[in-house]
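> Contents of final_38.cif (mmCIF, C-alpha atoms) are below:
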data_data
#
loop_
_atom_site.label_atom_id
_atom_site.label_comp_id
_atom_site.auth_asym_id
_atom_site.auth_seq_id
_atom_site.Cartn_x
_atom_site.Cartn_y
_atom_site.Cartn_z
CA MET J 983 -14.40 -97.94 93.17
CA MET J 984 -13.14 -95.90 90.21
CA TRP J 985 -13.37 -92.67 92.22
CA SER J 986 -11.42 -94.16 95.15
CA ASN J 987 -8.66 -95.35 92.77
CA PHE J 988 -8.43 -91.85 91.31
CA LEU J 989 -8.09 -90.33 94.79
CA MET J 990 -5.37 -92.85 95.72
CA GLN J 991 -3.43 -92.09 92.53
CA GLU J 992 -3.70 -88.35 93.15
CA GLU J 993 -2.50 -88.79 96.73
CA ASN J 994 0.45 -90.91 95.60
CA ARG J 995 1.37 -88.26 93.02
CA ARG J 996 1.33 -85.53 95.66
CA ARG J 997 3.52 -87.60 97.98
CA ALA J 998 5.99 -88.26 95.17
CA GLU J 999 6.19 -84.54 94.39
CA ALA J 1000 6.67 -83.73 98.06
CA GLY J 1001 9.49 -86.29 98.21
CA ARG J 1002 11.21 -84.78 95.19
CA ARG J 1003 10.92 -81.33 96.74
CA GLY J 1004 12.53 -82.64 99.90
CA ARG J 1005 15.44 -84.13 97.92
CA GLY J 1006 15.84 -80.92 95.92
CA GLN J 1007 14.91 -82.48 92.56
CA ALA J 1008 13.26 -80.37 89.84
CA LEU J 1009 9.58 -81.01 89.27
CA PRO J 1010 8.31 -81.74 85.76
CA GLY J 1011 6.42 -78.94 84.11
CA LEU J 1012 6.90 -75.55 82.52
CA SER J 1013 9.74 -73.25 83.35
CA ALA J 1014 8.98 -69.68 84.37
CA GLU J 1015 9.92 -68.44 80.90
CA GLN J 1016 7.76 -71.02 79.14
CA GLU J 1017 4.84 -70.30 81.43
CA GLY J 1018 5.07 -66.60 80.66
CA LYS J 1019 5.03 -67.28 76.92
CA VAL J 1020 2.04 -69.62 77.24
CA LYS J 1021 0.12 -67.03 79.24
CA LEU J 1022 0.89 -64.35 76.65
CA VAL J 1023 -0.38 -66.50 73.78
CA LEU J 1024 -3.41 -67.49 75.87
CA LEU J 1025 -4.22 -63.79 76.23
CA LEU J 1026 -4.04 -63.46 72.45
CA THR J 1027 -6.39 -66.40 71.94
CA ALA J 1028 -8.76 -64.96 74.55
CA VAL J 1029 -9.17 -61.93 72.27
CA GLY J 1030 -9.96 -64.27 69.38
CA ALA J 1031 -12.41 -66.25 71.51
CA THR J 1032 -14.23 -63.06 72.51
CA LEU J 1033 -14.52 -61.97 68.89
CA ALA J 1034 -15.74 -65.44 67.89
CA VAL J 1035 -18.50 -65.52 70.51
CA LEU J 1036 -19.51 -61.96 69.59
CA ALA J 1037 -19.70 -62.85 65.90
CA VAL J 1038 -21.66 -66.08 66.30
CA GLY J 1039 -24.08 -64.59 68.83
CA THR J 1040 -25.06 -61.46 66.89
CA GLU J 1041 -27.16 -60.99 63.76
CA PHE J 1042 -25.23 -58.29 61.87
CA TRP J 1043 -23.49 -60.55 59.38
CA VAL J 1044 -25.09 -59.05 56.30
CA GLU J 1045 -27.48 -56.16 55.60
CA LEU J 1046 -30.12 -56.34 52.85
CA ASN J 1047 -31.30 -52.91 51.73
CA THR J 1048 -33.99 -51.76 49.34
CA PHE J 1049 -33.47 -48.67 47.21
CA LYS J 1050 -34.74 -45.29 48.36
CA ALA J 1051 -36.34 -44.31 45.03
CA ASN J 1052 -39.66 -46.00 45.77
CA GLY J 1053 -41.93 -42.95 45.95
CA SER J 1054 -42.48 -43.34 49.68
CA ALA J 1055 -41.28 -41.60 52.82
CA VAL J 1056 -40.11 -44.92 54.28
CA CYS J 1057 -37.88 -47.73 53.07
CA ASP J 1058 -37.16 -51.26 54.22
CA ALA J 1059 -33.92 -52.88 55.34
CA ALA J 1060 -32.95 -56.13 57.01
CA HIS J 1061 -29.95 -57.61 58.75
CA LEU J 1062 -29.39 -61.25 59.54
CA GLY J 1063 -26.92 -63.65 61.09
CA LEU J 1064 -26.72 -67.37 61.75
CA TRP J 1065 -29.77 -67.57 64.00
CA LYS J 1066 -32.28 -64.83 63.22
CA VAL J 1067 -33.27 -62.05 60.86
CA CYS J 1068 -34.46 -58.54 61.69
CA THR J 1069 -36.44 -56.43 59.22
CA LYS J 1070 -36.59 -52.70 59.75
CA ARG J 1071 -38.70 -49.86 58.35
CA LEU J 1072 -36.71 -46.63 58.26
CA TRP J 1073 -37.58 -43.05 57.45
CA GLN J 1074 -35.83 -41.94 54.27
CA ALA J 1075 -35.10 -38.60 55.92
CA ASP J 1076 -32.82 -40.41 58.40
CA VAL J 1077 -30.83 -42.15 55.67
CA PRO J 1078 -27.59 -40.34 54.71
CA ALA J 1079 -28.07 -38.10 51.71
CA GLY J 1080 -25.37 -39.66 49.55
CA ARG J 1081 -26.68 -43.20 50.02
CA GLU J 1082 -28.83 -44.75 47.29
CA THR J 1083 -30.10 -47.65 49.40
CA CYS J 1084 -31.97 -47.82 52.68
CA GLY J 1085 -29.80 -48.14 55.77
CA PRO J 1086 -27.57 -48.60 57.60
CA ALA J 1087 -29.34 -51.06 59.88
CA GLU J 1088 -28.23 -49.25 63.03
CA LEU J 1089 -30.64 -46.38 62.29
CA PRO J 1090 -33.72 -46.16 64.55
CA GLY J 1091 -36.89 -47.59 63.11
CA GLU J 1092 -39.66 -50.13 63.49
CA ALA J 1093 -37.93 -53.51 63.82
CA ASN J 1094 -39.26 -57.06 63.72
CA CYS J 1095 -36.83 -59.85 64.63
CA THR J 1096 -37.58 -63.56 64.26
CA TYR J 1097 -35.48 -66.69 64.64
CA PHE J 1098 -35.02 -68.90 61.61
CA LYS J 1099 -37.48 -71.78 61.62
CA PHE J 1100 -35.19 -74.26 59.89
CA PHE J 1101 -33.68 -74.98 63.31
CA THR J 1102 -37.05 -76.11 64.69
CA THR J 1103 -39.70 -76.89 62.07
CA GLY J 1104 -37.39 -77.10 59.05
CA GLU J 1105 -39.12 -74.28 57.18
CA ASN J 1106 -37.32 -71.79 54.98
CA ALA J 1107 -37.54 -68.10 55.86
CA ARG J 1108 -38.93 -65.44 53.48
CA ILE J 1109 -37.10 -62.12 53.35
CA PHE J 1110 -38.27 -59.45 50.88
CA GLN J 1111 -40.07 -62.06 48.73
CA ARG J 1112 -36.96 -64.21 48.66
CA THR J 1113 -36.51 -67.64 50.22
CA THR J 1114 -33.54 -68.90 52.17
CA LYS J 1115 -31.80 -72.16 51.33
CA LYS J 1116 -32.01 -73.87 54.70
CA GLU J 1117 -29.39 -76.57 54.00
CA VAL J 1118 -26.65 -74.01 53.40
CA SER J 1119 -27.70 -71.72 56.27
CA LEU J 1120 -27.94 -74.66 58.66
CA ALA J 1121 -24.50 -75.90 57.62
CA ALA J 1122 -22.96 -72.47 58.32
CA ALA J 1123 -24.47 -72.39 61.82
CA VAL J 1124 -23.43 -75.96 62.67
CA ILE J 1125 -19.85 -75.40 61.50
CA ALA J 1126 -19.63 -72.22 63.60
CA VAL J 1127 -20.89 -74.02 66.71
CA VAL J 1128 -18.42 -76.86 66.18
CA GLY J 1129 -15.67 -74.25 65.87
CA LEU J 1130 -16.67 -72.71 69.21
CA ALA J 1131 -16.70 -76.16 70.84
CA VAL J 1132 -13.20 -76.95 69.54
CA MET J 1133 -12.04 -73.53 70.73
CA ALA J 1134 -13.39 -74.25 74.23
CA LEU J 1135 -11.53 -77.58 74.21
CA GLY J 1136 -8.34 -75.75 73.31
CA CYS J 1137 -8.83 -73.33 76.21
CA LEU J 1138 -9.31 -76.28 78.55
CA CYS J 1139 -6.09 -77.90 77.33
CA ILE J 1140 -4.04 -74.74 77.91
CA ILE J 1141 -5.54 -74.29 81.37
CA MET J 1142 -4.49 -77.87 82.18
CA VAL J 1143 -0.99 -77.06 80.93
CA LEU J 1144 -0.71 -74.07 83.25
CA SER J 1145 -2.36 -75.67 86.29
CA LYS J 1146 -1.13 -79.29 86.10
CA GLY J 1147 2.04 -78.92 84.05
CA ALA J 1148 0.76 -81.31 81.36
CA GLU J 1149 3.03 -80.12 78.57
CA PHE J 1150 1.76 -82.72 76.08
CA LEU J 1151 -1.60 -80.90 76.04
CA LEU J 1152 0.11 -77.80 74.63
CA ARG J 1153 0.26 -79.41 71.18
CA VAL J 1154 -3.37 -80.54 71.50
CA GLY J 1155 -4.41 -76.98 72.40
CA ALA J 1156 -2.48 -75.61 69.42
CA VAL J 1157 -4.30 -77.98 67.06
CA CYS J 1158 -7.66 -77.08 68.63
CA PHE J 1159 -7.15 -73.34 68.24
CA GLY J 1160 -5.93 -73.69 64.67
CA LEU J 1161 -8.83 -75.96 63.79
CA SER J 1162 -11.37 -73.60 65.38
CA GLY J 1163 -10.05 -70.68 63.36
CA LEU J 1164 -10.24 -72.76 60.19
CA LEU J 1165 -13.81 -73.87 60.98
CA LEU J 1166 -14.89 -70.27 61.50
CA LEU J 1167 -13.43 -69.32 58.13
CA VAL J 1168 -15.33 -72.21 56.51
CA SER J 1169 -18.52 -71.06 58.26
CA LEU J 1170 -18.04 -67.54 56.88
CA GLU J 1171 -17.62 -68.89 53.36
CA VAL J 1172 -20.68 -71.13 53.65
CA PHE J 1173 -22.69 -68.16 54.96
CA ARG J 1174 -21.58 -66.13 51.95
CA HIS J 1175 -22.97 -68.85 49.69
CA SER J 1176 -26.23 -68.81 51.67
CA VAL J 1177 -26.57 -65.05 51.03
CA GLN J 1178 -26.01 -65.57 47.30
CA ALA J 1179 -28.63 -68.35 47.31
CA LEU J 1180 -31.10 -66.09 49.13
CA LEU J 1181 -30.72 -63.31 46.57
CA GLN J 1182 -31.30 -65.71 43.67
CA ARG J 1183 -34.34 -67.55 45.10
CA VAL J 1184 -37.00 -64.96 44.21
CA SER J 1185 -40.57 -65.99 44.91
CA PRO J 1186 -42.96 -65.80 41.91
CA GLU J 1187 -45.91 -65.00 44.17
CA PRO J 1188 -47.16 -61.37 44.38
CA PRO J 1189 -46.22 -58.76 45.42
CA PRO J 1190 -43.12 -58.53 43.23
CA ALA J 1191 -39.75 -58.79 44.95
CA PRO J 1192 -38.01 -55.41 45.40
CA ALA J 1193 -34.52 -54.80 44.09
CA LEU J 1194 -31.95 -55.37 46.81
CA ALA J 1195 -28.40 -54.38 47.57
CA TYR J 1196 -26.38 -56.16 50.24
CA GLU J 1197 -23.32 -55.38 52.31
CA TYR J 1198 -21.52 -57.40 54.95
CA SER J 1199 -21.60 -55.92 58.43
CA TRP J 1200 -19.53 -55.82 61.62
CA SER J 1201 -20.47 -59.27 62.96
CA LEU J 1202 -18.88 -60.90 59.93
CA GLY J 1203 -15.84 -58.67 60.44
CA CYS J 1204 -15.57 -59.95 64.01
CA GLY J 1205 -15.73 -63.49 62.64
CA VAL J 1206 -12.89 -62.85 60.19
CA GLY J 1207 -10.78 -61.24 62.92
CA ALA J 1208 -11.49 -64.11 65.32
CA SER J 1209 -10.46 -66.69 62.71
CA LEU J 1210 -7.15 -64.98 62.02
CA VAL J 1211 -6.36 -64.45 65.71
CA LEU J 1212 -7.17 -68.08 66.57
CA LEU J 1213 -5.03 -69.34 63.69
CA LEU J 1214 -2.17 -67.12 64.88
CA GLY J 1215 -2.62 -68.32 68.46
CA GLY J 1216 -2.59 -71.96 67.37
CA LEU J 1217 0.61 -71.36 65.39
CA CYS J 1218 2.27 -69.67 68.39
CA PHE J 1219 1.33 -72.56 70.69
CA LEU J 1220 2.70 -74.99 68.12
CA LEU J 1221 6.00 -73.09 67.99
CA LEU J 1222 6.25 -73.30 71.78
CA THR J 1223 6.10 -77.10 71.54
CA LEU J 1224 9.12 -77.29 69.22
CA PRO J 1225 12.52 -78.14 70.74
CA PRO J 1226 14.89 -75.19 71.10
CA TRP J 1227 17.79 -76.73 69.15
CA PRO J 1228 16.56 -75.92 65.61
CA TRP J 1229 16.27 -72.26 66.48
CA GLY J 1230 19.63 -72.33 68.25
CA SER J 1231 21.31 -73.65 65.11
CA LEU J 1232 19.74 -70.87 63.02
CA CYS J 1233 20.69 -68.16 65.49
CA PRO J 1234 23.88 -69.34 67.24
CA LYS J 1235 24.99 -67.45 70.28
CA GLN J 1236 28.31 -65.63 70.03
CA GLU J 1237 30.70 -66.39 72.85
CA HIS J 1238 32.66 -63.51 74.32
CA ARG J 1239 36.33 -64.42 74.54
CA ALA J 1240 38.52 -62.74 77.08
CA THR J 1241 41.53 -61.00 75.59
#
Now that the file is in, can you turn its structure into structure tokens?

Amino acid sequence: MMWSNFLMQEENRRRAEAGRRGRGQALPGLSAEQEGKVKLVLLLTAVGATLAVLAVGTEFWVELNTFKANGSAVCDAAHLGLWKVCTKRLWQADVPAGRETCGPAELPGEANCTYFKFFTTGENARIFQRTTKKEVSLAAAVIAVVGLAVMALGCLCIIMVLSKGAEFLLRVGAVCFGLSGLLLLVSLEVFRHSVQALLQRVSPEPPPAPALAYEYSWSLGCGVGASLVLLLGGLCFLLLTLPPWPWGSLCPKQEHRAT
């Protein structure tokens, strides 16, 4: 019954639009200029969405490196993200000469990647005799996923604006994109706190924990870029929803008078 009512309403709407076309009345919706601006901003937010998915889906948020002066021909490094950690054993001969620590993680070596168990069994992970703080790491991952979901909702709203002419969804899409960028920034900050907690939670059990140095990697850079682009896209969509008269009063048009 509900489906049949929806089909009847859709058919009535199409007939009403056809009648207005026949009488030469303008249809509600975006003008050609507005549609072009919306598409341009949507392209900008698509770049941010791509960077966000790339950041959340990869595990190069931070690199943990041991120091090379360990009296061995090999050294250990690790890189981790929101979902898994990869430890790597590298040959010191492959490490750049001016570098005191092992790495970078992109060097070839024997790798071992495992997903974090606090998503399934609730156990903390052990990395170089240090223990993760699962509450903080889990919070960073959940906030990032919520940000992606809000971003997808914003994309859906803008698609409805372009396809159905529902201009009221433009403001909703602007809020969604701005909120998704803000959530990603919060996720990055929470992840930073999880890294600090990991470095401080040294296990007292033998063998002793090695000295570590850390550096943030390209996945986190993608996350920062995605947050800024999504915030910018949300602001641009919000500006498109404003009426034109405030801007016209700030920048009045000069009329050309005939002499």
> Taking into account only C-alpha atoms, which residue in the set J:Ala1131, J:Leu1152, J:Ala1055, J:Ile1109 is nearest to Leu1181 (chain J)?
J:Ile1109
> Nearest to Glu1187 (chain J): which of J:Arg1112, J:Gly1160, J:Lys1019, J:Leu1222 is it, counting only C-alpha atoms?
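For Glu1187 (chain J), the nearest of the given residues is J:Arg1112.
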> In Å to one decimal, how far is CA of Leu1212 (chain J) from CA of Gly1163 (chain J)?
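Value for the CA of Gly1163 (chain J)-CA of Leu1212 (chain J) distance: 5.0 Å.
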> Quick one, how far is CA of Ala1075 (chain J) from CA of Val1184 (chain J)?
28.9 Å
> Compare J:Thr1083, J:Cys1204, J:Thr1032, J:Ser1169 by their minimum atom-to-atom distance to Val1128 (chain J), counting all atoms listed in the file, and give me the closest one.
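The answer is J:Ser1169, which sits nearest to Val1128 (chain J).
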> As a check of understanding, name the residues that the PyMOL selection byres ((chain J and resi 1202) around 8) selects in the supplied structure, as a ChimeraX atom specification.
/J:1037,1042-1044,1170,1198-1201,1203-1206
> Quick one: pull the distance between CA of Pro1086 (chain J) and CA of Leu1036 (chain J), Å, one decimal.
19.7 Å
> With distances taken over only C-alpha atoms, which of J:Ala1179, J:Ala1191, J:Leu1024, J:Ala1156 is nearest to Leu1224 (chain J)?
J:Ala1156
> Take the PyMOL selection byres ((chain J and resi 1089) around 9), apply it to the structure above, and return the hits as a list in words.
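Checked against the file, the PyMOL selection byres ((chain J and resi 1089) around 9) matches Leu1072, Asp1076, Val1077, Gly1085, Pro1086, Ala1087, Glu1088, Pro1090 and Gly1091 of chain J.
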> Can you spell out as a VMD selection string the set of residues that the PyMOL selection byres ((chain J and resi 1148) around 12) selects in the structure I just provided?
chain J and resid 1009 to 1012 1017 1138 to 1147 1149 to 1155 1223
> Find, counting all atoms listed in the file, the residue in J:Phe1219, J:Cys1057, J:Leu1210, J:Cys1084 that gets nearest to Arg1071 (chain J).
J:Cys1057
> Which one of J:Val1157, J:Ala1059, J:Ala1051, J:Val1168 sits closest to Cys1137 (chain J) if you count all atoms listed in the file?
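Selected residue with least distance to Cys1137 (chain J): J:Val1157.
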> Which residues come within 12 Å of Tyr1097 (chain J), counting all atoms listed in the file, excluding same-chain residues fewer than 6 positions away, as a list in words?
Thr1040, Glu1041, Leu1062, Gly1063, Leu1064, Trp1065, Lys1066, Val1067, Cys1068, Thr1069, Thr1103, Gly1104, Glu1105, Asn1106, Ala1107 and Arg1108 of chain J
> Can you tell me, as a list in words, what residues are no more than 7 Å from Ser1209 (chain J) when counting all atoms listed in the file, ignoring any on the same chain fewer than 5 positions away?
Gly1163, Leu1164, Leu1166 and Leu1167 of chain J
> Please list, as a PyMOL selection string, the residues that have an atom at most 6 Å away from (-10.9, -77.6, 66.8) in the coordinates of this file, counting all atoms listed in the file.
chain J and resi 1129+1132-1133+1158-1159+1161-1162
> Env of Arg1183 (chain J): 9 Å cut, atoms = only C-alpha atoms, seq-sep filter 2 positions within chain, self excluded. Answer as a list in words.
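Using only C-alpha atoms, the neighbours found are Gln1111, Arg1112, Thr1113, Thr1114, Lys1115, Gln1178, Ala1179, Leu1180, Leu1181 and Ser1185 of chain J.
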> Take the residues from that selection and write them out as a PDB file, keeping the file's coordinate frame, keeping C-alpha atoms.

ATOM      1  CA  GLN J1111     -40.070 -62.060  48.730  1.00  0.00           C
ATOM      2  CA  ARG J1112     -36.960 -64.210  48.660  1.00  0.00           C
ATOM      3  CA  THR J1113     -36.510 -67.640  50.220  1.00  0.00           C
ATOM      4  CA  THR J1114     -33.540 -68.900  52.170  1.00  0.00           C
ATOM      5  CA  LYS J1115     -31.800 -72.160  51.330  1.00  0.00           C
ATOM      6  CA  GLN J1178     -26.010 -65.570  47.300  1.00  0.00           C
ATOM      7  CA  ALA J1179     -28.630 -68.350  47.310  1.00  0.00           C
ATOM      8  CA  LEU J1180     -31.100 -66.090  49.130  1.00  0.00           C
ATOM      9  CA  LEU J1181     -30.720 -63.310  46.570  1.00  0.00           C
ATOM     10  CA  SER J1185     -40.570 -65.990  44.910  1.00  0.00           C
TER      11      SER J1185
END
